Amino acid sequence: MTFASWPTGGAISFGGDYNPEQWPREVWQEDVALMREAGVNLVSVGIFSWGLIEVAEGEFDFSWLDEVLDLLHAHGIAVDLGTPTASPPAWFFATYPQARVVAKDGTVLGFGSRGMASPSSPEYRAAAVRIASRLAARYAHHPAVVMWHVHNEYGAPVGEDFSQNAVVAFREWLRARYESLDALNAAWGTAFWGQHYTDWAHVSPPHPTPTVGNPAQKLDFARFCDHQLRACYIAERDAIRAHATQPITTNFMANECPTTDLFAWAREVDVVSNDHYLTAADERNHVGLALAADLTRSVAGGAPWILMEHSTSAVNWQPRNVAKRAGEMARNSLAHLARGADGILFFQWRASRSGAEKFHSAMLPHVGTSSRVWREVVELGGHLRALAPVRGARVRAQAAILWDAESFWAQDLEWRPSVDVRHKERVRAYYERLWRDGVTVDFVHPSQDLSGYRLVVAPASYLLRQADADNLTRYVEDGGTLLVSFFSAVVDEHDAVHAGGYLAPLRDALGVEVEEFLPLRAGDSATVRWAPEGGEPVTLTADVWQDDLVLHGAQVVGTYVDGPAAGGPAITRHAHGAGQGWYVSTRLGIDELAPVLAAVYTDAGLEPSGLPLDVEVVTRHGDGEDFVVAINHTADEVKVDLGAGQELLGATTVTGTVVIPAGSVAVLRTTTPQLGGDGQP
Amino acid sequence: MTFASWPTGGAISFGGDYNPEQWPREVWQEDVALMREAGVNLVSVGIFSWGLIEVAEGEFDFSWLDEVLDLLHAHGIAVDLGTPTASPPAWFFATYPQARVVAKDGTVLGFGSRGMASPSSPEYRAAAVRIASRLAARYAHHPAVVMWHVHNEYGAPVGEDFSQNAVVAFREWLRARYESLDALNAAWGTAFWGQHYTDWAHVSPPHPTPTVGNPAQKLDFARFCDHQLRACYIAERDAIRAHATQPITTNFMANECPTTDLFAWAREVDVVSNDHYLTAADERNHVGLALAADLTRSVAGGAPWILMEHSTSAVNWQPRNVAKRAGEMARNSLAHLARGADGILFFQWRASRSGAEKFHSAMLPHVGTSSRVWREVVELGGHLRALAPVRGARVRAQAAILWDAESFWAQDLEWRPSVDVRHKERVRAYYERLWRDGVTVDFVHPSQDLSGYRLVVAPASYLLRQADADNLTRYVEDGGTLLVSFFSAVVDEHDAVHAGGYLAPLRDALGVEVEEFLPLRAGDSATVRWAPEGGEPVTLTADVWQDDLVLHGAQVVGTYVDGPAAGGPAITRHAHGAGQGWYVSTRLGIDELAPVLAAVYTDAGLEPSGLPLDVEVVTRHGDGEDFVVAINHTADEVKVDLGAGQELLGATTVTGTVVIPAGSVAVLRTTTPQLGGDGQP
Amino acid sequence: MTFASWPTGGAISFGGDYNPEQWPREVWQEDVALMREAGVNLVSVGIFSWGLIEVAEGEFDFSWLDEVLDLLHAHGIAVDLGTPTASPPAWFFATYPQARVVAKDGTVLGFGSRGMASPSSPEYRAAAVRIASRLAARYAHHPAVVMWHVHNEYGAPVGEDFSQNAVVAFREWLRARYESLDALNAAWGTAFWGQHYTDWAHVSPPHPTPTVGNPAQKLDFARFCDHQLRACYIAERDAIRAHATQPITTNFMANECPTTDLFAWAREVDVVSNDHYLTAADERNHVGLALAADLTRSVAGGAPWILMEHSTSAVNWQPRNVAKRAGEMARNSLAHLARGADGILFFQWRASRSGAEKFHSAMLPHVGTSSRVWREVVELGGHLRALAPVRGARVRAQAAILWDAESFWAQDLEWRPSVDVRHKERVRAYYERLWRDGVTVDFVHPSQDLSGYRLVVAPASYLLRQADADNLTRYVEDGGTLLVSFFSAVVDEHDAVHAGGYLAPLRDALGVEVEEFLPLRAGDSATVRWAPEGGEPVTLTADVWQDDLVLHGAQVVGTYVDGPAAGGPAITRHAHGAGQGWYVSTRLGIDELAPVLAAVYTDAGLEPSGLPLDVEVVTRHGDGEDFVVAINHTADEVKVDLGAGQELLGATTVTGTVVIPAGSVAVLRTTTPQLGGDGQP
């Protein structure tokens, strides 16, 4: 069964999580009336309702859920029906205490918050399949149900599990992966520190050890943990599919849930959906939002996706939960839409009076409809109705950033050369540089076909398989422009240093090798003299890292003025085949990256947008018409030339320059082909 | 049995903990001789002596204690006899390992420091009652014994306990509290995150969970823990009372032991006693001392209380144990006396050579009598003899600060809007403002009769029951002045947001409601334009928080110049009935609070003392005469007009202005009625 | 059996850890060829090979090790043969799970990194002795084997163990130490906090307790842990000695492994060997290196020692692993040699591709022989050949610094007067002052004969037995100069405050006593007026601490200008017998110590070298000739007058001043007697 999308009658989906079980029935009537007022057309139901449906093991009460679905359907509101397996009932944990998750330090994590049981527990697997199956059997043909929502945010809050169930399952998983102990001993490098195995029964998850444990074992355990979660999803999905034909999804957390490999997960869902929450402490968190949206679209292979959860205002779980200001919710929502979302949903419909998330904002706040938030929710509903034509239009990117969860897992292990090197920071820095330059990007796995991109950036490819390195090298040979940041291509899939040394797999593509890493002391910075061909030399400030680089054909474009590599090459450019391989051997901030990327764009045939900082323009390409979303994140009015067309939010005709007030958004519908993210009309 | 006080022959009690078991018998003789030299008239004995009295289970050796009590009595020193249940013997833990306390993470806390067994352990309860009973039976009529000292600092170091005994007792306590699971499910809001209970046997203490647990469950667990400790106290108290007629106390830790609800405890003791230690890192720790003393007097209902422990100089358990300087011990002691203490005792008489507290100062230091500390102890003894007339005189306060341990417990749970909001900080800030203004305060529970106060301040009333809010509203109606700080009246007794939104229960009294919380980012500050009626506008710097306030009749006295609520109201004043309700929606420092409180005092008919900073004056009102204690905490001589009377420390007659040297204290006995803390002569 | 040294054919030993089991056989051939190229003459083999030798319990496969030893011998490379007991095999832990180490919090530390089993486990002890015995039996007469290397870095990463095996063994150890419970109760001061013991079965290691545990118990547990590790070593050593006649060593970690008492360990080895790694964050880590080398020589009683491990460049386990720069490895190596090392070895020969230490530098880096590191390794091999005549020459020191592991253990317990007082910081500060002044020092235990030294410095003698204090007093009486820093002579061997108060045991030697400790608040500093006899007064800045000092005959040389002891004595000098006792009651930085030490040198008859900062000169005194090692740690060329002789590295003749380029080393062989560390030719 394949799904291009999900049924919505041509509208952008709009709504949120709906938890009627927290409220008396009289509130339900008010809910559906207000949903209609706001234009809500899709709600997610039942996500935490296991204990109220399966009231004792094998004993089900669907009556209240019947009533809720009928009520919603009667008011024209579609349902994304959840399986409640993210929070097993009290009776489950009492009956199957062995199914509880065990933390690395041995702490048993039991009932009383949320968070699934051990993903390796056969009892949990059976119970989850049973409830999913019963729900699917009952509601497969309910007219309200347009989609299935399995579980909730797999990997959060439970990623790792060290229970006895996990021990047994890890061994089975390893046997399937390696077949022989010789292969496992080789892959894990057990000759180091005397860790040779002679019996599968001696192999375990990376339990506490006197000092740092085997990194290859830990990397495999990360793979295993991700696999086990996905196996839980697949089991529920298949149980639903046995009864139902609607598309099935599970809500991802994009770049915020490090234990899941999104590319692998996306292959298993019918529709990709994502939850996104702003990082309050980040004053430029609209850039992080764009990154998450681009990543979500990328793992969806460019297909439309749903923003399953975001917030109308503050969340409740950060140290300081900064509220959104007027217009910010709309900007956030339309920024997701600009980058491919065809559904804008919130956690949650009505703020909960009790529980751990009572201070999380909602579509309907504690104070009710006499509130800024409610007024803006209603307004957003109107905007989304006006944007219905955007549905199905696609974003096209001309640049790509490498994203490989396994590399991130490996890099995050202990005893790396410097604690100041963080993959997340480098990915964001390069992403933000391209974002500021108006270059739309996809995220790609290094094994993917890259031929469609003019530029590929590798900000953090610590673990790079030889085959993937070869893929990158071919990309350059064939005319691509590749930019690689330091501490890349260091290890193979077993966290073993590549034969030949650091960066050796990319030596042909980059024309350099790394003789030695030269991390800087805390707080130290260094100067790079940036002298591109024909350009005026400038000095750039860098920190955290230098390499002792050996040239194998590359041209030196930046040189260390000081620091441990003083006088040596800092930034290089290498002609290989029809393309260019760039290497940046130090940490440059977002501003310092500007001249470097400008030169790289020239090689790649890209041009920065030239828009003022924090004016974001993205195009969705439809059938014979394009939709240009322009978001003004600044505090001043801006004028942007988007060409001729119809502005959908104000329903006005635009012939050239459009004026966007401070904090506002314009969406231009135009039949003039736009130079999109791929540089093509 | 009721006690106005404890027998002391009309003197202020003076002495400390006495642990003769740590010393050979020849030292005992020196001890009593030196006690007499210093004027010691009361010592606490036997607090950590369980194992030396009950040498094996049920086998008692009272011989050494007989000898100690006889010796003390022979030298005219009265005894506050301790029950040693804060430190069960090695044999107890070996026999009853299940009685050990278990920490939340599962760590079993055993023998080898101090700290009681599980307060829910039946074995511990029985053993504690047995030793208390045996001591009472033996010494009820010993002429030295004038008071009983149950246990030591309940709640420190053991507050919470997650042992199996606690699990069982928590369920019993909940059944008694809620009667039905329906009621528990409703109170805990278990519909959120699927936490519905169908069996009492599934309910547990808040054990570790994958993410944040149920807050109402945690709040009830905090109540339960406090209850269990108090039940231990009551069991021992009743066991003593079966034999003995002397007053019974247990030493509190006032504001430093957050797990105990002092108002509830104070109802169970005959005499309130308190331990107080300066926070060395706090350069203004004399203000914290005053706060603790006022709180102690308040929970005692204004009755005389005993300072059971403080230190002659440094303590040993802080990061940097700053020693007291010359005169500081006397200032501390007399500040306690000024605020109601009729006994000044120390931990401890003689410094211990061994153990965890060997670096704690004592009345008799390691170096002996040739020391500043000893000389000052002897001098203090003389001062206290001169102050005997003060005994029984009472402090009267005209302002009150709300104090509700349950609110503090609730506010301290996870996932609040901002980690920068701390109840303790706000209570201290408002307290210190009033302290600097010379306004003496009581601490009151929000359910108390408030009619005696001109001003009531609520610095941190996050949890406020509707009935208590109604009490505050009536207080304003009846002419009171109420000042409420932000993040108040947010939740009810189950940590559920009040229907109608934040601050709704106080809407009538304050004339405002809070539409949304607007926490600031770390380090951000904002400006408030303070423009009181008829006054000159000034700007105040605030931080941490703003509210999005909606006016319902209140007058705006302060306006946000910037920050997320820029242009909105910051500080409001509302005429309700015969009184005024003030609301301050941001965090102002102690200096910034000055103009605000000045306006509030005007409403309340109060007048600041006008004394120089750090000159502290408090009056104790006696029978037809008053005692004015004036403490000069500054490094300069000050002149204060205390009226006419007799200065008791110097034994001089004063007719008006008295000169107080730097760091010194004067106590004026006067028959001219003083305007006390209640503004009445 | 006694050993002056180890057999090396007169050469300085050069090499490293060699782990051929991590590589295929074809690499072995390359290894021995490159070893010869570099001049390697000694490698350590088999340190982590248990599981590859004893492939199942009692089943041995020596074939690969036979081959390795034969191959090395065939190429003239000697072997330091390891016992692999630092990393028991997987089968061992599977068979004997009770032998695993248990951390204080109860976490069981199992297989999968490195780190021995419980040192108190009889099963581990038996298995370790068996493998050691089998190795010794097989290779005792192998011509390659010149030394035995028991275990690896005892105490790292396993120091403490709280397993049931440890509980049992601790009780046995205590019974042997105290004989009676009365003695234990007295030593531990169990009368404090009611900790009296009536049964040996109630005594345990310091398991978790509600608050701070008994300090004397903790101090004894530290002694016990060290004892158990040493007992493991002795058992293996004796098993080897039953078969073999070569010297036996185990590699220490000098000042970096706080759980071992090096003086006690050194008595048990035939040859002292040490591992040393630079602290990357310390910009002056060459001083830390000198300290470690001097300490190693000191515990070896002045005999030649082996630097068993250091690094060619970066390590991998620090937060930021800074690489060594050109010449730094040579300076480090020759600094060790200057201070007594007759062998310079590295961890490790060839960088490991897998495992936890893949980013640790090696003699042969990942990138191979085309590297700076390899070129410098080969060059160093050449230098060491030229330095063969240095072998056996000895360093002589005229000053000594007290070092007592038991005192450090005691000082590190909880609840000391100030967290800012750290013994390690004070030892380093005084050491560095003397290092900068060119005064070579030995480290000595306070019980040692001190008569050979002109100056003895006690930077951190918190625990000082009365007998050792008497030793210091006699040293002064006999003409020595003693300098004692604050927080010294506080407690006896049971962590009990000395009768008479702080510093009482040294009152005769120093002429002062401490009435009270006066720790400063965080960040506070104070001024000392330093006014030595006849000198110009200067002001010094101090922090962390002051004492309230009482003079008993001492002369005040420095006075507190401010701080809690303002006006009181800060630094004193006391003539006692034929010597002088100095006391410094505050924390002075290295620069501020300069004038104080200058005055102390005058008393001691010492003279600072007057060399530029960071030019290090140390002399090894041989048979009728001296070797002066001069290291230029600065970035500029320096000229130093070393007298006439032959410069061994450049093979040039020197007649006076020698020019040492920036970062370089000169070694002068001279028959002109040098004024060595002992001020004697």
# chains A, B, ... in the order shown; residues from 1 in each chain; ligands from 1
$ residues_around --residues "B:Asp275" --least-positions-apart "3" --cutoff "7 Å" --atoms "only C-alpha atoms" --output "PyMOL selection string"
chain B and resi 251-253+307-310
$ write_last_selection --atoms "N, CA and C atoms" --output "mmCIF file, in the first residue's frame"
data_model
loop_
_atom_site.group_PDB
_atom_site.id
_atom_site.type_symbol
_atom_site.label_atom_id
_atom_site.label_comp_id
_atom_site.auth_asym_id
_atom_site.auth_seq_id
_atom_site.Cartn_x
_atom_site.Cartn_y
_atom_site.Cartn_z
ATOM 1 N N ASN B 251 13.804 19.930 68.440
ATOM 2 C CA ASN B 251 14.434 21.115 67.848
ATOM 3 C C ASN B 251 14.162 21.195 66.353
ATOM 4 N N PHE B 252 13.513 22.286 65.936
ATOM 5 C CA PHE B 252 13.229 22.546 64.522
ATOM 6 C C PHE B 252 14.475 23.090 63.820
ATOM 7 N N MET B 253 14.368 23.192 62.497
ATOM 8 C CA MET B 253 15.399 23.898 61.737
ATOM 9 C C MET B 253 14.789 25.055 60.957
ATOM 10 N N LEU B 307 16.254 29.039 71.496
ATOM 11 C CA LEU B 307 17.260 28.794 70.463
ATOM 12 C C LEU B 307 18.074 27.587 70.950
ATOM 13 N N MET B 308 17.730 26.421 70.428
ATOM 14 C CA MET B 308 18.303 25.189 70.982
ATOM 15 C C MET B 308 19.750 24.982 70.540
ATOM 16 N N GLU B 309 20.065 25.399 69.325
ATOM 17 C CA GLU B 309 21.439 25.286 68.833
ATOM 18 C C GLU B 309 21.753 26.499 67.977
ATOM 19 N N HIS B 310 22.913 27.077 68.206
ATOM 20 C CA HIS B 310 23.562 27.876 67.178
ATOM 21 C C HIS B 310 25.057 27.709 67.430
#
$ residues_around --residues "C:Trp64" --least-positions-apart "5" --cutoff "10 Å" --atoms "only C-alpha atoms" --output "PDB file with C-alpha atoms, in the first residue's frame"
ATOM      1  CA  PRO C  20      50.982  -7.277  18.503  1.00  0.00           C
ATOM      2  CA  GLU C  21      47.732  -9.133  19.216  1.00  0.00           C
ATOM      3  CA  ARG C  25      51.256 -11.249  11.585  1.00  0.00           C
ATOM      4  CA  LEU C  52      44.274 -14.707  24.356  1.00  0.00           C
ATOM      5  CA  ILE C  53      46.639 -16.750  26.542  1.00  0.00           C
ATOM      6  CA  LEU C  69      59.139 -13.110  21.975  1.00  0.00           C
ATOM      7  CA  ASP C  70      61.277 -15.085  19.573  1.00  0.00           C
TER       8      ASP C  70
END
$ closest_residue --among "B:Gln546, B:Gln555, B:Gln164, B:Ser5" --to "chain A" --atoms "only C-alpha atoms"
B:Gln546
$ interface_residues --of "chain B" --to "chain A" --cutoff "8 Å" --atoms "only C-alpha atoms" --output "ChimeraX atom specification"
/B:105-106,188-199,202,206-216,414-420,495-502,515-522,564
$ write_last_selection --atoms "C-alpha atoms" --output "PDB file, in the first residue's frame"
ATOM      1  CA  ASP B 105      17.387   6.147  43.275  1.00  0.00           C
ATOM      2  CA  GLY B 106      17.265   2.937  45.301  1.00  0.00           C
ATOM      3  CA  TRP B 188      -3.935  13.409  40.785  1.00  0.00           C
ATOM      4  CA  GLY B 189      -5.366  14.139  37.343  1.00  0.00           C
ATOM      5  CA  THR B 190      -4.369  10.657  36.178  1.00  0.00           C
ATOM      6  CA  ALA B 191      -6.218  11.094  32.890  1.00  0.00           C
ATOM      7  CA  PHE B 192      -3.151  13.048  31.823  1.00  0.00           C
ATOM      8  CA  TRP B 193      -0.496  10.753  30.314  1.00  0.00           C
ATOM      9  CA  GLY B 194      -2.617   7.660  30.956  1.00  0.00           C
ATOM     10  CA  GLN B 195      -1.955   7.188  34.659  1.00  0.00           C
ATOM     11  CA  HIS B 196      -5.376   5.897  35.747  1.00  0.00           C
ATOM     12  CA  TYR B 197      -5.360   3.566  38.784  1.00  0.00           C
ATOM     13  CA  THR B 198      -7.712   0.627  39.186  1.00  0.00           C
ATOM     14  CA  ASP B 199      -6.145  -0.991  42.252  1.00  0.00           C
ATOM     15  CA  HIS B 202      -0.639  -0.275  42.002  1.00  0.00           C
ATOM     16  CA  PRO B 206       7.094   8.606  43.132  1.00  0.00           C
ATOM     17  CA  HIS B 207       9.749   6.092  42.199  1.00  0.00           C
ATOM     18  CA  PRO B 208      12.026   6.836  39.244  1.00  0.00           C
ATOM     19  CA  THR B 209      10.159   7.110  35.957  1.00  0.00           C
ATOM     20  CA  PRO B 210      11.292   7.654  32.373  1.00  0.00           C
ATOM     21  CA  THR B 211      10.373  11.318  32.491  1.00  0.00           C
ATOM     22  CA  VAL B 212       8.708  13.711  34.923  1.00  0.00           C
ATOM     23  CA  GLY B 213       6.248  12.018  37.235  1.00  0.00           C
ATOM     24  CA  ASN B 214       2.815  13.063  38.381  1.00  0.00           C
ATOM     25  CA  PRO B 215       3.129  16.323  40.338  1.00  0.00           C
ATOM     26  CA  ALA B 216       0.079  15.770  42.514  1.00  0.00           C
ATOM     27  CA  GLU B 414       9.674  19.962  38.025  1.00  0.00           C
ATOM     28  CA  TRP B 415       8.699  21.791  34.895  1.00  0.00           C
ATOM     29  CA  ARG B 416       7.697  25.176  36.185  1.00  0.00           C
ATOM     30  CA  PRO B 417       7.751  28.142  33.796  1.00  0.00           C
ATOM     31  CA  SER B 418      11.217  29.325  34.826  1.00  0.00           C
ATOM     32  CA  VAL B 419      13.995  27.892  36.956  1.00  0.00           C
ATOM     33  CA  ASP B 420      14.818  31.445  38.001  1.00  0.00           C
ATOM     34  CA  ASP B 495      -1.327  21.269  41.915  1.00  0.00           C
ATOM     35  CA  ALA B 496      -4.117  21.764  39.370  1.00  0.00           C
ATOM     36  CA  VAL B 497      -4.396  25.145  37.671  1.00  0.00           C
ATOM     37  CA  HIS B 498      -7.280  27.123  39.106  1.00  0.00           C
ATOM     38  CA  ALA B 499     -10.370  27.200  36.943  1.00  0.00           C
ATOM     39  CA  GLY B 500     -10.429  30.530  35.163  1.00  0.00           C
ATOM     40  CA  GLY B 501      -6.667  30.738  34.901  1.00  0.00           C
ATOM     41  CA  TYR B 502      -3.718  32.011  36.848  1.00  0.00           C
ATOM     42  CA  GLU B 515      -3.398  35.909  30.666  1.00  0.00           C
ATOM     43  CA  GLU B 516       0.042  34.417  30.156  1.00  0.00           C
ATOM     44  CA  PHE B 517       3.346  34.041  31.978  1.00  0.00           C
ATOM     45  CA  LEU B 518       6.256  35.733  30.233  1.00  0.00           C
ATOM     46  CA  PRO B 519       9.494  34.410  31.741  1.00  0.00           C
ATOM     47  CA  LEU B 520      12.634  36.201  30.611  1.00  0.00           C
ATOM     48  CA  ARG B 521      15.702  34.555  29.172  1.00  0.00           C
ATOM     49  CA  ALA B 522      18.696  33.933  31.446  1.00  0.00           C
ATOM     50  CA  PRO B 564       7.847  40.811  26.202  1.00  0.00           C
TER      51      PRO B 564
END
$ atom_distance --atom1 "atom CA of C:Phe487" --atom2 "atom CA of C:Phe408"
11.9 Å
$ residues_around --residues "B:Asp294" --least-positions-apart "2" --cutoff "12 Å" --atoms "only C-alpha atoms" --output "VMD selection string"
chain B and resid 254 to 255 274 276 287 to 292 296 to 305 307 335 to 341 394 to 397 399 to 401 403 431 435 439 to 444 618 677
$ write_last_selection --atoms "C-alpha atoms" --output "compact mmCIF listing (two decimals), in the first residue's frame"
# COMPACT_ATOMS: atom_id res chain seq x y z
CA ALA B 254 12.98 26.73 60.84
CA ASN B 255 13.44 27.78 57.25
CA ASN B 274 14.89 26.00 66.93
CA HIS B 276 19.90 28.19 63.57
CA VAL B 287 18.96 39.20 58.03
CA GLY B 288 18.52 35.48 57.44
CA LEU B 289 18.90 35.02 61.20
CA ALA B 290 16.12 37.53 61.87
CA LEU B 291 13.90 35.76 59.35
CA ALA B 292 14.46 32.41 61.05
CA THR B 296 10.14 30.44 64.85
CA ARG B 297 8.23 32.90 67.00
CA SER B 298 5.39 32.88 64.48
CA VAL B 299 4.94 29.12 64.50
CA ALA B 300 5.07 29.31 68.29
CA GLY B 301 2.11 31.64 68.13
CA GLY B 302 4.16 34.42 69.67
CA ALA B 303 5.10 32.44 72.77
CA PRO B 304 8.68 32.43 74.07
CA TRP B 305 10.89 29.87 72.39
CA LEU B 307 17.26 28.79 70.46
CA ALA B 335 19.04 39.18 67.89
CA HIS B 336 17.36 35.85 68.62
CA LEU B 337 16.43 37.10 72.06
CA ALA B 338 15.05 40.33 70.58
CA ARG B 339 12.72 38.29 68.37
CA GLY B 340 11.37 36.16 71.18
CA ALA B 341 13.95 33.64 72.32
CA ARG B 394 6.40 39.43 73.63
CA VAL B 395 7.07 40.77 70.17
CA ARG B 396 4.13 42.37 68.32
CA ALA B 397 4.17 42.62 64.53
CA ALA B 399 2.91 43.19 59.08
CA ALA B 400 2.80 39.57 58.03
CA ILE B 401 4.38 37.46 55.31
CA TRP B 403 4.35 31.07 54.65
CA TYR B 431 11.45 40.06 54.23
CA TRP B 435 13.66 44.41 57.79
CA VAL B 439 8.95 46.83 60.01
CA THR B 440 8.71 43.79 62.28
CA VAL B 441 6.84 40.89 60.70
CA ASP B 442 5.15 37.68 61.63
CA PHE B 443 4.95 34.76 59.26
CA VAL B 444 1.40 33.51 58.82
CA VAL B 618 13.10 45.26 67.95
CA GLY B 677 5.71 46.00 65.51
$ select_by_dssp --residues "stretch 218-259 of chain C" --states "alpha helix (DSSP H)" --output "list in words"
Lys218, Leu219, Asp220, Phe221, Ala222, Arg223, Phe224, Cys225, Asp226, His227, Gln228, Leu229, Arg230, Ala231, Cys232, Tyr233, Ile234, Ala235, Glu236, Arg237, Asp238, Ala239, Ile240 and Arg241 of chain C
$ atom_distance --atom1 "atom CA of B:Pro247" --atom2 "atom CA of B:Pro143"
14.0 Å
